[in-house]
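Scroll down for the structure; my scribbles are underneath it.
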Amino acid sequence: MIIRPSIRSNVFLNAHPKGIQTYIQTLFNEATSLEKFNGPKNILIIGGSSGYGLASRVALSVATNANTINVSFESAPSDKRTGTAGFWNNVYFLEEAKKLGTTHIDIVADAFSDKTKQEVINVIKREFGKVDLVIYSLAAGARPNPETGDLIRSALKPIGEPLDGDTIDIATKTLKSLHMDAATEEDIKNTVYVMGGSDWESWLHHLDQADVLNQGIKTISYTYVGSGSMDKIYRAGTIGKAKDDLEATSLRMHSWLKDKYQGESLISSSKAVVTKASVFIPGITSYIACLFDVMKEKGVHETTLQHKHRLFKDMVYGELRRVDALHRIRIDHYEMQEDVQKETLLKLEQSKDHLLELQGTKDFIDEFYHIHGFDYDNVNYDEDIDLNAYSFDHIELSIL
Ligand code: NAI
């Protein structure tokens, strides 16, 4: 099969295995160049096949020599389909991680289901005994309601009034406008159900009841506070309500984890990075493009992996934790610097007519293609790839 980008409605329908191999090797090379530190030994990551979860997994397995179990929801290749980027991320993560001599297991299953939680507990008992860190980095579009069987969908929408903005059309690499209707009460409720804290809390309760949490257990999830310019669609929108719920959940869990395990429940406000969802949020691609340019000019830009490495080294396991009044870890403080925000907004205003020419926009598009395994110079995209030639037997990949 010749694999070229197949994009519909700004979603990649495929991924290139050889490009993903390069992407994962890049992450491991980056992680290897960073400082080692004392941290967790056994980690459960929920949503570790891409984005922030994957960056956390690579950073920690290299820097602290940790063992990991990752739960993600990805599609394997079939006759006509390449499989998702996240599937190949898991495959090549496991291949690279073998060199570390530690244990890494992937469970590809719906994290929301109790059956998956039980399966994961069995694997923890069999492989690790107990875990020291649980990272909840899920970004899901839908969650089944176990009582009715209905699939509840989250919706990225503003609340109160509709919103218009621009985004990058990934297939044509041009700008296009994006309109979002205002959310209904149902949209808000559903988004909180899918992206709020209830499933995270359910995971911790299951793990606690099964007695697989170590003394000193830490659990962490990722929120976004962002700049005021993104408030309408983010903090004041449906996703903001879900993040409010996630943050409240963390505070609730912190209290019993502290009492029972001298543990911690943490929320980190992380910086805006290129992710599959970015292109569906009006204005966010332009904001990220300008932000990246400004942060690079000022020497405070970090890759997704560097950001997560610093989070765990300095602020989760180190002594340099910065916390705001709402008890959120503020690893996003470079993005939030007054001068960075001021100059980003100025750049946005001044670049309206030539956003596509900005280096930040080019970098955004490159990274978006890279996370799906495309546009790497070292990969021959004319090569006929025989997906049947790949065997996953040597990899501990359990597909439920
Ligand atoms: P992503 O889309 O790159 O990764 C999402 C992960 O969730 C994948 O591993 C996917 O397989 C997994 N997943 C989705 N549904 C699942 C299911 N039903 N069962 C098991 N696994 C499932 O997302 P990203 O961007 O890394 O986001 C992770 C978290 O970080 C989210 O809570 C997001 O709001 C937060 N965050 C993201 C920022 C960004 O700029 N990307 C900024 C700040 C916070």
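Labels for the structure tokens follow display order: chains A, B, ..., residues from 1 in each chain, ligands from 1.
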
Can you pull out every residue from segment 12-233 of chain A that DSSP, working from the backbone, puts in strand (DSSP E or B), and format the result as a PDB file with N, CA, C and O atoms, in the first residue's frame?
```pdb
ATOM      1  N   PHE A  12      -7.117  13.351  10.056  1.00  0.00           N
ATOM      2  CA  PHE A  12      -6.311  12.364   9.326  1.00  0.00           C
ATOM      3  C   PHE A  12      -6.997  11.002   9.429  1.00  0.00           C
ATOM      4  O   PHE A  12      -7.281  10.528  10.539  1.00  0.00           O
ATOM      5  N   ASN A  42       6.526   2.522  39.037  1.00  0.00           N
ATOM      6  CA  ASN A  42       5.469   1.854  38.269  1.00  0.00           C
ATOM      7  C   ASN A  42       4.341   2.839  37.974  1.00  0.00           C
ATOM      8  O   ASN A  42       3.748   3.394  38.899  1.00  0.00           O
ATOM      9  N   ILE A  43       4.083   3.008  36.690  1.00  0.00           N
ATOM     10  CA  ILE A  43       3.131   4.059  36.284  1.00  0.00           C
ATOM     11  C   ILE A  43       1.986   3.470  35.458  1.00  0.00           C
ATOM     12  O   ILE A  43       2.220   2.652  34.572  1.00  0.00           O
ATOM     13  N   LEU A  44       0.782   3.922  35.763  1.00  0.00           N
ATOM     14  CA  LEU A  44      -0.366   3.640  34.896  1.00  0.00           C
ATOM     15  C   LEU A  44      -0.710   4.930  34.170  1.00  0.00           C
ATOM     16  O   LEU A  44      -0.917   5.971  34.817  1.00  0.00           O
ATOM     17  N   ILE A  45      -0.753   4.867  32.841  1.00  0.00           N
ATOM     18  CA  ILE A  45      -1.125   6.045  32.054  1.00  0.00           C
ATOM     19  C   ILE A  45      -2.419   5.730  31.309  1.00  0.00           C
ATOM     20  O   ILE A  45      -2.495   4.732  30.578  1.00  0.00           O
ATOM     21  N   ILE A  46      -3.405   6.564  31.517  1.00  0.00           N
ATOM     22  CA  ILE A  46      -4.672   6.380  30.812  1.00  0.00           C
ATOM     23  C   ILE A  46      -4.697   7.453  29.729  1.00  0.00           C
ATOM     24  O   ILE A  46      -4.743   8.651  30.025  1.00  0.00           O
ATOM     25  N   ASN A  67       8.577   1.594  34.901  1.00  0.00           N
ATOM     26  CA  ASN A  67       7.771   0.640  34.137  1.00  0.00           C
ATOM     27  C   ASN A  67       6.428   1.313  33.857  1.00  0.00           C
ATOM     28  O   ASN A  67       5.939   2.069  34.697  1.00  0.00           O
ATOM     29  N   THR A  68       5.819   0.990  32.720  1.00  0.00           N
ATOM     30  CA  THR A  68       4.543   1.651  32.409  1.00  0.00           C
ATOM     31  C   THR A  68       3.489   0.677  31.872  1.00  0.00           C
ATOM     32  O   THR A  68       3.824  -0.286  31.197  1.00  0.00           O
ATOM     33  N   ILE A  69       2.244   0.986  32.221  1.00  0.00           N
ATOM     34  CA  ILE A  69       1.101   0.355  31.546  1.00  0.00           C
ATOM     35  C   ILE A  69       0.327   1.501  30.914  1.00  0.00           C
ATOM     36  O   ILE A  69       0.051   2.508  31.578  1.00  0.00           O
ATOM     37  N   ASN A  70      -0.010   1.350  29.648  1.00  0.00           N
ATOM     38  CA  ASN A  70      -0.748   2.404  28.962  1.00  0.00           C
ATOM     39  C   ASN A  70      -2.095   1.872  28.470  1.00  0.00           C
ATOM     40  O   ASN A  70      -2.162   0.825  27.846  1.00  0.00           O
ATOM     41  N   VAL A  71      -3.157   2.614  28.782  1.00  0.00           N
ATOM     42  CA  VAL A  71      -4.475   2.266  28.258  1.00  0.00           C
ATOM     43  C   VAL A  71      -4.839   3.298  27.202  1.00  0.00           C
ATOM     44  O   VAL A  71      -4.844   4.504  27.486  1.00  0.00           O
ATOM     45  N   SER A  72      -5.113   2.849  25.986  1.00  0.00           N
ATOM     46  CA  SER A  72      -5.519   3.806  24.950  1.00  0.00           C
ATOM     47  C   SER A  72      -6.529   3.159  24.026  1.00  0.00           C
ATOM     48  O   SER A  72      -6.718   1.946  24.052  1.00  0.00           O
ATOM     49  N   HIS A 104       6.976  -2.648  29.870  1.00  0.00           N
ATOM     50  CA  HIS A 104       5.979  -1.722  29.315  1.00  0.00           C
ATOM     51  C   HIS A 104       4.878  -2.524  28.633  1.00  0.00           C
ATOM     52  O   HIS A 104       5.162  -3.415  27.833  1.00  0.00           O
ATOM     53  N   ILE A 105       3.661  -2.199  28.989  1.00  0.00           N
ATOM     54  CA  ILE A 105       2.523  -2.978  28.491  1.00  0.00           C
ATOM     55  C   ILE A 105       1.467  -2.035  27.933  1.00  0.00           C
ATOM     56  O   ILE A 105       1.213  -0.967  28.497  1.00  0.00           O
ATOM     57  N   ASP A 106       0.870  -2.445  26.829  1.00  0.00           N
ATOM     58  CA  ASP A 106      -0.207  -1.649  26.246  1.00  0.00           C
ATOM     59  C   ASP A 106      -1.521  -2.403  26.262  1.00  0.00           C
ATOM     60  O   ASP A 106      -1.586  -3.552  25.836  1.00  0.00           O
ATOM     61  N   ILE A 107      -2.535  -1.725  26.734  1.00  0.00           N
ATOM     62  CA  ILE A 107      -3.876  -2.298  26.694  1.00  0.00           C
ATOM     63  C   ILE A 107      -4.721  -1.378  25.833  1.00  0.00           C
ATOM     64  O   ILE A 107      -4.898  -0.199  26.163  1.00  0.00           O
ATOM     65  N   VAL A 108      -5.142  -1.889  24.703  1.00  0.00           N
ATOM     66  CA  VAL A 108      -5.940  -1.070  23.795  1.00  0.00           C
ATOM     67  C   VAL A 108      -7.404  -1.392  24.059  1.00  0.00           C
ATOM     68  O   VAL A 108      -7.888  -2.470  23.728  1.00  0.00           O
ATOM     69  N   VAL A 131       1.000   0.425  41.886  1.00  0.00           N
ATOM     70  CA  VAL A 131       1.531   1.547  41.094  1.00  0.00           C
ATOM     71  C   VAL A 131       1.824   2.755  41.989  1.00  0.00           C
ATOM     72  O   VAL A 131       1.246   2.909  43.067  1.00  0.00           O
ATOM     73  N   ASP A 132       2.753   3.616  41.507  1.00  0.00           N
ATOM     74  CA  ASP A 132       3.160   4.820  42.260  1.00  0.00           C
ATOM     75  C   ASP A 132       2.575   6.086  41.665  1.00  0.00           C
ATOM     76  O   ASP A 132       2.581   7.143  42.299  1.00  0.00           O
ATOM     77  N   LEU A 133       2.176   6.008  40.396  1.00  0.00           N
ATOM     78  CA  LEU A 133       1.683   7.204  39.705  1.00  0.00           C
ATOM     79  C   LEU A 133       0.601   6.794  38.713  1.00  0.00           C
ATOM     80  O   LEU A 133       0.773   5.822  37.975  1.00  0.00           O
ATOM     81  N   VAL A 134      -0.508   7.543  38.724  1.00  0.00           N
ATOM     82  CA  VAL A 134      -1.568   7.329  37.729  1.00  0.00           C
ATOM     83  C   VAL A 134      -1.760   8.639  36.969  1.00  0.00           C
ATOM     84  O   VAL A 134      -2.124   9.662  37.559  1.00  0.00           O
ATOM     85  N   ILE A 135      -1.478   8.600  35.678  1.00  0.00           N
ATOM     86  CA  ILE A 135      -1.649   9.799  34.835  1.00  0.00           C
ATOM     87  C   ILE A 135      -2.937   9.636  34.044  1.00  0.00           C
ATOM     88  O   ILE A 135      -3.130   8.626  33.360  1.00  0.00           O
ATOM     89  N   TYR A 136      -3.813  10.611  34.164  1.00  0.00           N
ATOM     90  CA  TYR A 136      -5.085  10.550  33.425  1.00  0.00           C
ATOM     91  C   TYR A 136      -5.031  11.597  32.323  1.00  0.00           C
ATOM     92  O   TYR A 136      -5.221  12.784  32.576  1.00  0.00           O
ATOM     93  N   ALA A 142     -16.286  10.845  22.917  1.00  0.00           N
ATOM     94  CA  ALA A 142     -17.538  10.209  23.328  1.00  0.00           C
ATOM     95  C   ALA A 142     -17.290   9.219  24.451  1.00  0.00           C
ATOM     96  O   ALA A 142     -16.183   8.694  24.607  1.00  0.00           O
ATOM     97  N   ARG A 143     -18.349   8.995  25.244  1.00  0.00           N
ATOM     98  CA  ARG A 143     -18.280   8.033  26.346  1.00  0.00           C
ATOM     99  C   ARG A 143     -19.627   7.307  26.444  1.00  0.00           C
ATOM    100  O   ARG A 143     -20.676   7.969  26.484  1.00  0.00           O
ATOM    101  N   PRO A 144     -19.601   5.994  26.495  1.00  0.00           N
ATOM    102  CA  PRO A 144     -20.882   5.286  26.598  1.00  0.00           C
ATOM    103  C   PRO A 144     -21.513   5.490  27.969  1.00  0.00           C
ATOM    104  O   PRO A 144     -20.813   5.529  28.982  1.00  0.00           O
ATOM    105  N   LEU A 151     -24.310   6.434  23.433  1.00  0.00           N
ATOM    106  CA  LEU A 151     -22.991   7.055  23.351  1.00  0.00           C
ATOM    107  C   LEU A 151     -23.170   8.557  23.550  1.00  0.00           C
ATOM    108  O   LEU A 151     -23.841   9.224  22.771  1.00  0.00           O
ATOM    109  N   ILE A 152     -22.570   9.084  24.607  1.00  0.00           N
ATOM    110  CA  ILE A 152     -22.702  10.512  24.913  1.00  0.00           C
ATOM    111  C   ILE A 152     -21.516  11.238  24.269  1.00  0.00           C
ATOM    112  O   ILE A 152     -20.365  10.849  24.482  1.00  0.00           O
ATOM    113  N   ARG A 153     -21.820  12.269  23.490  1.00  0.00           N
ATOM    114  CA  ARG A 153     -20.736  12.961  22.774  1.00  0.00           C
ATOM    115  C   ARG A 153     -20.392  14.304  23.406  1.00  0.00           C
ATOM    116  O   ARG A 153     -21.290  15.062  23.763  1.00  0.00           O
ATOM    117  N   LEU A 163     -19.743  31.556  17.956  1.00  0.00           N
ATOM    118  CA  LEU A 163     -18.390  32.099  17.812  1.00  0.00           C
ATOM    119  C   LEU A 163     -17.858  31.819  16.413  1.00  0.00           C
ATOM    120  O   LEU A 163     -18.057  30.728  15.876  1.00  0.00           O
ATOM    121  N   ASP A 164     -17.198  32.818  15.834  1.00  0.00           N
ATOM    122  CA  ASP A 164     -16.539  32.621  14.545  1.00  0.00           C
ATOM    123  C   ASP A 164     -15.054  32.886  14.709  1.00  0.00           C
ATOM    124  O   ASP A 164     -14.656  33.744  15.490  1.00  0.00           O
ATOM    125  N   GLY A 165     -14.271  32.128  13.983  1.00  0.00           N
ATOM    126  CA  GLY A 165     -12.831  32.342  14.031  1.00  0.00           C
ATOM    127  C   GLY A 165     -12.216  31.618  12.857  1.00  0.00           C
ATOM    128  O   GLY A 165     -12.932  31.120  11.984  1.00  0.00           O
ATOM    129  N   ASP A 166     -10.869  31.556  12.851  1.00  0.00           N
ATOM    130  CA  ASP A 166     -10.262  30.814  11.743  1.00  0.00           C
ATOM    131  C   ASP A 166      -9.564  29.568  12.267  1.00  0.00           C
ATOM    132  O   ASP A 166      -9.388  29.388  13.467  1.00  0.00           O
ATOM    133  N   THR A 167      -9.241  28.713  11.307  1.00  0.00           N
ATOM    134  CA  THR A 167      -8.423  27.545  11.634  1.00  0.00           C
ATOM    135  C   THR A 167      -7.613  27.201  10.395  1.00  0.00           C
ATOM    136  O   THR A 167      -7.845  27.768   9.315  1.00  0.00           O
ATOM    137  N   ILE A 168      -6.684  26.272  10.535  1.00  0.00           N
ATOM    138  CA  ILE A 168      -5.913  25.861   9.366  1.00  0.00           C
ATOM    139  C   ILE A 168      -6.613  24.674   8.720  1.00  0.00           C
ATOM    140  O   ILE A 168      -7.009  23.731   9.414  1.00  0.00           O
ATOM    141  N   ASP A 169      -6.802  24.758   7.401  1.00  0.00           N
ATOM    142  CA  ASP A 169      -7.308  23.600   6.676  1.00  0.00           C
ATOM    143  C   ASP A 169      -6.084  22.716   6.387  1.00  0.00           C
ATOM    144  O   ASP A 169      -5.206  23.089   5.608  1.00  0.00           O
ATOM    145  N   THR A 174      -4.174  25.877   4.069  1.00  0.00           N
ATOM    146  CA  THR A 174      -4.642  27.266   3.951  1.00  0.00           C
ATOM    147  C   THR A 174      -5.470  27.594   5.194  1.00  0.00           C
ATOM    148  O   THR A 174      -5.736  26.704   6.012  1.00  0.00           O
ATOM    149  N   LEU A 175      -5.898  28.843   5.278  1.00  0.00           N
ATOM    150  CA  LEU A 175      -6.764  29.211   6.408  1.00  0.00           C
ATOM    151  C   LEU A 175      -8.221  29.090   5.995  1.00  0.00           C
ATOM    152  O   LEU A 175      -8.563  29.325   4.834  1.00  0.00           O
ATOM    153  N   LYS A 176      -9.064  28.704   6.920  1.00  0.00           N
ATOM    154  CA  LYS A 176     -10.495  28.703   6.603  1.00  0.00           C
ATOM    155  C   LYS A 176     -11.254  29.176   7.830  1.00  0.00           C
ATOM    156  O   LYS A 176     -10.740  29.120   8.960  1.00  0.00           O
ATOM    157  N   SER A 177     -12.493  29.645   7.592  1.00  0.00           N
ATOM    158  CA  SER A 177     -13.237  30.124   8.759  1.00  0.00           C
ATOM    159  C   SER A 177     -14.028  28.981   9.393  1.00  0.00           C
ATOM    160  O   SER A 177     -14.370  27.993   8.739  1.00  0.00           O
ATOM    161  N   LEU A 178     -14.274  29.168  10.671  1.00  0.00           N
ATOM    162  CA  LEU A 178     -14.910  28.111  11.460  1.00  0.00           C
ATOM    163  C   LEU A 178     -16.005  28.770  12.286  1.00  0.00           C
ATOM    164  O   LEU A 178     -15.762  29.770  12.952  1.00  0.00           O
ATOM    165  N   HIS A 179     -17.192  28.219  12.196  1.00  0.00           N
ATOM    166  CA  HIS A 179     -18.304  28.768  12.965  1.00  0.00           C
ATOM    167  C   HIS A 179     -18.731  27.752  14.016  1.00  0.00           C
ATOM    168  O   HIS A 179     -18.811  26.561  13.737  1.00  0.00           O
ATOM    169  N   MET A 180     -18.984  28.223  15.224  1.00  0.00           N
ATOM    170  CA  MET A 180     -19.456  27.329  16.285  1.00  0.00           C
ATOM    171  C   MET A 180     -20.758  27.868  16.831  1.00  0.00           C
ATOM    172  O   MET A 180     -20.815  29.028  17.270  1.00  0.00           O
ATOM    173  N   LEU A 213      -2.690   0.582  44.910  1.00  0.00           N
ATOM    174  CA  LEU A 213      -2.037   1.902  45.003  1.00  0.00           C
ATOM    175  C   LEU A 213      -0.970   1.844  46.086  1.00  0.00           C
ATOM    176  O   LEU A 213      -1.249   1.435  47.217  1.00  0.00           O
ATOM    177  N   ASN A 214       0.223   2.259  45.744  1.00  0.00           N
ATOM    178  CA  ASN A 214       1.318   2.273  46.726  1.00  0.00           C
ATOM    179  C   ASN A 214       1.186   3.439  47.692  1.00  0.00           C
ATOM    180  O   ASN A 214       0.579   4.460  47.352  1.00  0.00           O
ATOM    181  N   GLN A 215       1.783   3.334  48.864  1.00  0.00           N
ATOM    182  CA  GLN A 215       1.881   4.492  49.762  1.00  0.00           C
ATOM    183  C   GLN A 215       2.565   5.620  48.985  1.00  0.00           C
ATOM    184  O   GLN A 215       3.494   5.374  48.219  1.00  0.00           O
ATOM    185  N   GLY A 216       2.113   6.838  49.201  1.00  0.00           N
ATOM    186  CA  GLY A 216       2.707   7.980  48.490  1.00  0.00           C
ATOM    187  C   GLY A 216       2.199   8.112  47.060  1.00  0.00           C
ATOM    188  O   GLY A 216       2.753   8.895  46.284  1.00  0.00           O
ATOM    189  N   ILE A 217       1.131   7.381  46.735  1.00  0.00           N
ATOM    190  CA  ILE A 217       0.591   7.424  45.361  1.00  0.00           C
ATOM    191  C   ILE A 217       0.332   8.865  44.916  1.00  0.00           C
ATOM    192  O   ILE A 217      -0.143   9.689  45.700  1.00  0.00           O
ATOM    193  N   LYS A 218       0.675   9.142  43.656  1.00  0.00           N
ATOM    194  CA  LYS A 218       0.309  10.433  43.073  1.00  0.00           C
ATOM    195  C   LYS A 218      -0.561  10.158  41.852  1.00  0.00           C
ATOM    196  O   LYS A 218      -0.329   9.178  41.131  1.00  0.00           O
ATOM    197  N   THR A 219      -1.538  11.014  41.640  1.00  0.00           N
ATOM    198  CA  THR A 219      -2.283  10.955  40.382  1.00  0.00           C
ATOM    199  C   THR A 219      -2.361  12.363  39.829  1.00  0.00           C
ATOM    200  O   THR A 219      -2.388  13.341  40.588  1.00  0.00           O
ATOM    201  N   ILE A 220      -2.319  12.458  38.496  1.00  0.00           N
ATOM    202  CA  ILE A 220      -2.302  13.793  37.872  1.00  0.00           C
ATOM    203  C   ILE A 220      -3.134  13.796  36.598  1.00  0.00           C
ATOM    204  O   ILE A 220      -3.188  12.784  35.887  1.00  0.00           O
ATOM    205  N   SER A 221      -3.791  14.919  36.338  1.00  0.00           N
ATOM    206  CA  SER A 221      -4.467  15.103  35.061  1.00  0.00           C
ATOM    207  C   SER A 221      -4.147  16.503  34.543  1.00  0.00           C
ATOM    208  O   SER A 221      -3.641  17.344  35.287  1.00  0.00           O
ATOM    209  N   TYR A 222      -4.460  16.728  33.268  1.00  0.00           N
ATOM    210  CA  TYR A 222      -4.023  17.952  32.614  1.00  0.00           C
ATOM    211  C   TYR A 222      -5.186  18.876  32.259  1.00  0.00           C
ATOM    212  O   TYR A 222      -6.147  18.458  31.627  1.00  0.00           O
ATOM    213  N   THR A 223      -5.039  20.130  32.685  1.00  0.00           N
ATOM    214  CA  THR A 223      -6.045  21.125  32.342  1.00  0.00           C
ATOM    215  C   THR A 223      -5.390  22.208  31.503  1.00  0.00           C
ATOM    216  O   THR A 223      -4.189  22.185  31.260  1.00  0.00           O
TER     217      THR A 223
END
```

Worksheet item: Where in segment 64-295 of chain A does DSSP assign helix (DSSP H, G or I), given as a PyMOL selection string?
Response: chain A and resi 85-100+114-127+185-195+198-209+228-230+238-261+278-280+284-295

Discussion item. As a quick test: using only C-alpha atoms and all ligand atoms, which residues lie no more than 7 Å away from ligand 1? Give them as a PyMOL selection string.
Written reply: chain A and resi 46-53+71-74+86+109-112+137-141+143+221-224+269-277

Discussion item. Nearest residue to Tyr287 of chain A out of A:Leu348, A:Ala15, A:Ile239, A:Val194, using only C-alpha atoms?
Written reply: A:Leu348

Discussion item. From the options A:Ala389, A:Ala171, A:Val294, A:Ile288, which residue's atoms come nearest to Arg4 of chain A, counting only C-alpha atoms?
Written reply: A:Ala171
